[in-house]
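Chemist: Just dropping this structure here.
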Amino acid sequence: MPTRQWPVPVWFMLFALVTGAILNLPDHPDALSLETFLRLPLEVILLGLLLLVIPRRLSGLPIALILIALGLILCLKLADLGTQAAFQRPFNPYLDGKMLKDGWNLLSGSLGLAKAALACSAILAAFLAILGLISHAMRRMTAGSGRPRMVLLLPVVALAAAGSMAIARPSLVANLPLPPIEFSAARYLSDRLVLIASSVADMRRFEVELAGADPAKDEKPIFEAVKGRDVILIFVESYGRSALEDPLYAPMIGERLDKMAQQLENAGFSMASRWIGSPTIAGLSWLAHGTFLSGLWIDSQSRYDRLMMSGRTSLNRLFSDAGWDSIAVMPAITMDWPEAAWYGYDRILAEKDLGYRGKPFNWMTMPDQYTLSAFQRMVRDRPDRKPVMAEIALISSHAPWTPIPHLIDWDSIGNGTIFNEQAAAGETPTQVWADPDKIRTHYIRTVDYSLETLGDYISRYGQDALFIVLGDHQPAAIVTGTEASRAVPLHVISRDRALMERFRSHGFEGGLVPSSGQAELPMSQMRRVLTEILRPLR
């Protein structure tokens, strides 16, 4: 029977089912269950009642407004599911719009351009089909003849009355055979407006912070404790607290850190560590970089964008002003990077500058060992140079965590083509991401590789430099679970034992594994801590 001839009650049921599914859709992936969709949103009944009683000639505007509201709610809830799964927080329209581009870059880098475009097209087509179905159902309801509509009106009015009573006075209808009834759409949208308003207020507070005094800039810190030495700040992608403490990962990383500590001790190095609270999770690594180097809490893209336009002095620039050569080593930077101006680097070694001629490791442009080898060759091995303050981003432990690199002889690295066989080995991202267990296994093996590479590099080439090694953030919830800490480990490594004692006097603990009970220091405090530790003794 053609759908156009379906009676009004059928169209009403179709409208109620689809609209109810949208309103019942949870905003967190952990809440996805059959029971979630067995509730009765009162809004569905009230909207259906409106469509039954409104004259057809007046129905155009209400139908359009209902479609806009349902489309907005569906978009927000789908975005919530994504941001909750990735970053363990709801989607914020005011702050997160720019993440769409980053999400596309990650998706296309993991699946390939064609598959990513196909997936996005399928999602868009499904979204439009759902709204088209709702629109058609509403038009058929308002276009129906008067008798079927009036026959349906009485039970709908009764259900609306019962639903309203169930929310206002639940005890009066407790014995009626009604499904769980709630009135949530208005609250959901109002909560989102409150979130946006609080974000606007937060930006106003941040403006005040930026306008305030900057002690590091005003006092002109003198880094006497490391005078004449290289200071090398290394961010390890997705190296979070879970890698050290989660029972799934602790055996491998615990063994790796033990071996690394022994290797470094044999080479004459001393170590100290502590937990640092990161402003981000599962991505947006630049928020961590901005937080560490600015001394301000940068936990949103809007804060980061505003920081980049400010006169706040970065730690990099402080070192540059004090006589160090400030260098960025960023193998993941493949396009123009206007934000680099704020950091104040004297030189930038991005992907195209590092001379890698090997095959990429999917999204990763080059393995960590090559990055460190190029840094050593292009910066530290140069004669008659100034001491260097380097900021390095290691990316081998970035999703999709395949293929997994392995360490080779440093003298054979050359231009990186020796890594071609590694880059073509292993499973594809599609194969890995089809199995959560494979995701976790590949994740921790890439972290293990990064740490092994660092231990080998520092023990061989560390000389008298100060190394500050930390994670930028925890990985996604699929790796850590939803209740994981946002902390990351931070390690300081140097042959200067007196310098290490300064770090210990500021709450750092000896070795590479901080104790589980140690307090987490916000990453925004690290610039102040470093300027205090590295100043001359008084």
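In the structure tokens, the first chain shown is A, the next is B, and so on; residue numbers restart at 1 for each chain, and ligands run from 1 in the order shown.
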Compile the contact shell of Tyr345 of chain A as JSON, numbers by chain: residues with an atom at most 6 Å away, counting only C-alpha atoms, same-chain residues fewer than 2 positions apart removed.
Modeler: {"A": [326, 327, 343, 347]}
Chemist: State, in Å with one decimal place, the distance from atom CA of Leu113 of chain A to atom CA of Asp27 of chain A.
Modeler: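 Straight-line distance from atom CA of Leu113 of chain A to atom CA of Asp27 of chain A works out to 28.2 Å.
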Chemist: What lies within 10 Å of Gly60 of chain A using only C-alpha atoms, ignoring chain neighbours under 3 positions off, as a list in words?
Modeler: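 Non-adjacent residues within range: Pro55, Arg56, Arg57, Ile63, Ala64, Leu65, Met138, Arg139 and Thr142 of chain A.
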Chemist: May I ask for the distance between atom CA of Ala185 of chain A and atom CA of Asp299 of chain A, given in Å to one decimal place?
Modeler: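 Calculated distance between atom CA of Ala185 of chain A and atom CA of Asp299 of chain A is 28.1 Å.
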Chemist: Just want the 9 Å neighbourhood of segment 203-205 of chain A, counted on only C-alpha atoms, with same-chain residues fewer than 6 positions away dropped. Output as a list of chain:residue names.
Modeler: A:Ser302, A:Arg303, A:Arg306
Chemist: Provide the atom CA of Tyr443 of chain A to atom CA of Leu284 of chain A distance in Å, to one decimal place.
Modeler: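 Distance reported for this atom pair: 17.5 Å.
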Chemist: List every residue of segment 309-454 of chain A that DSSP, applied to the backbone of this structure, assigns to helix (DSSP H, G or I), and report them as a ChimeraX atom specification.
Modeler: /A:315-321,340-343,351-353,368-380,410-412,417-423,429-432,436-454
Chemist: Between A:Phe419, A:Trp11, A:Ile281, A:Arg317, which residue has the minimum interatomic distance to Ser242 of chain A, considering only C-alpha atoms?
Modeler: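 Going through A:Phe419, A:Trp11, A:Ile281, A:Arg317 one by one, the smallest distance to Ser242 of chain A is for A:Ile281.
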Chemist: What lies within 12 Å of Ala267 of chain A using only C-alpha atoms, ignoring chain neighbours under 5 positions off, as a PyMOL selection string?
Modeler: chain A and resi 260-262+455-464+493-495
Chemist: Keeping N, CA and C atoms for every residue in the selection just given, could you write it to a file as a PDB file, in the first residue's frame?
Modeler:
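The result, written out as part.pdb:
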```pdb
ATOM      1  N   MET A 260      64.882   1.437  31.482  1.00  0.00           N
ATOM      2  CA  MET A 260      65.306   2.789  31.108  1.00  0.00           C
ATOM      3  C   MET A 260      66.080   3.437  32.255  1.00  0.00           C
ATOM      4  N   ALA A 261      65.580   3.283  33.491  1.00  0.00           N
ATOM      5  CA  ALA A 261      66.257   3.865  34.646  1.00  0.00           C
ATOM      6  C   ALA A 261      67.645   3.251  34.825  1.00  0.00           C
ATOM      7  N   GLN A 262      67.734   1.942  34.672  1.00  0.00           N
ATOM      8  CA  GLN A 262      69.032   1.286  34.802  1.00  0.00           C
ATOM      9  C   GLN A 262      69.998   1.746  33.721  1.00  0.00           C
ATOM     10  N   GLY A 455      65.110   6.508  26.157  1.00  0.00           N
ATOM     11  CA  GLY A 455      66.156   6.017  27.042  1.00  0.00           C
ATOM     12  C   GLY A 455      67.459   5.798  26.297  1.00  0.00           C
ATOM     13  N   ASP A 456      67.367   5.247  25.097  1.00  0.00           N
ATOM     14  CA  ASP A 456      68.564   4.992  24.306  1.00  0.00           C
ATOM     15  C   ASP A 456      69.203   6.298  23.842  1.00  0.00           C
ATOM     16  N   TYR A 457      68.366   7.250  23.417  1.00  0.00           N
ATOM     17  CA  TYR A 457      68.900   8.529  22.948  1.00  0.00           C
ATOM     18  C   TYR A 457      69.601   9.284  24.074  1.00  0.00           C
ATOM     19  N   ILE A 458      68.942   9.405  25.222  1.00  0.00           N
ATOM     20  CA  ILE A 458      69.517  10.194  26.316  1.00  0.00           C
ATOM     21  C   ILE A 458      70.801   9.551  26.825  1.00  0.00           C
ATOM     22  N   SER A 459      70.802   8.237  26.980  1.00  0.00           N
ATOM     23  CA  SER A 459      72.000   7.571  27.489  1.00  0.00           C
ATOM     24  C   SER A 459      73.174   7.712  26.522  1.00  0.00           C
ATOM     25  N   ARG A 460      72.901   7.803  25.222  1.00  0.00           N
ATOM     26  CA  ARG A 460      73.958   7.935  24.226  1.00  0.00           C
ATOM     27  C   ARG A 460      74.381   9.387  24.001  1.00  0.00           C
ATOM     28  N   TYR A 461      73.397  10.285  23.935  1.00  0.00           N
ATOM     29  CA  TYR A 461      73.680  11.643  23.482  1.00  0.00           C
ATOM     30  C   TYR A 461      73.318  12.716  24.517  1.00  0.00           C
ATOM     31  N   GLY A 462      72.935  12.309  25.705  1.00  0.00           N
ATOM     32  CA  GLY A 462      72.449  13.279  26.678  1.00  0.00           C
ATOM     33  C   GLY A 462      73.488  14.243  27.164  1.00  0.00           C
ATOM     34  N   GLN A 463      74.726  13.780  27.282  1.00  0.00           N
ATOM     35  CA  GLN A 463      75.827  14.622  27.742  1.00  0.00           C
ATOM     36  C   GLN A 463      75.416  15.359  29.014  1.00  0.00           C
ATOM     37  N   ASP A 464      75.571  16.669  29.059  1.00  0.00           N
ATOM     38  CA  ASP A 464      75.225  17.391  30.290  1.00  0.00           C
ATOM     39  C   ASP A 464      73.928  18.192  30.150  1.00  0.00           C
ATOM     40  N   ILE A 493      65.649  14.547  33.849  1.00  0.00           N
ATOM     41  CA  ILE A 493      66.809  13.659  33.743  1.00  0.00           C
ATOM     42  C   ILE A 493      68.047  14.513  33.490  1.00  0.00           C
ATOM     43  N   SER A 494      69.077  14.318  34.296  1.00  0.00           N
ATOM     44  CA  SER A 494      70.309  15.081  34.144  1.00  0.00           C
ATOM     45  C   SER A 494      71.432  14.356  34.873  1.00  0.00           C
ATOM     46  N   ARG A 495      72.660  14.626  34.461  1.00  0.00           N
ATOM     47  CA  ARG A 495      73.823  14.114  35.192  1.00  0.00           C
ATOM     48  C   ARG A 495      74.170  14.997  36.388  1.00  0.00           C
TER      49      ARG A 495
END
```
Chemist: Taking the DSSP secondary structure from the backbone, can you list the residues of segment 241-486 of chain A that are strand (DSSP E), as a ChimeraX atom specification?
Modeler: /A:270-277,325-330,347-350,388-394,466-471
Chemist: Near Met389 of chain A, counting only C-alpha atoms, which residues have an atom at most 9 Å away, once you skip same-chain residues fewer than 3 positions from it, shown as a VMD selection string?
Modeler: chain A and resid 229 to 233 316 319 to 320 324 to 328
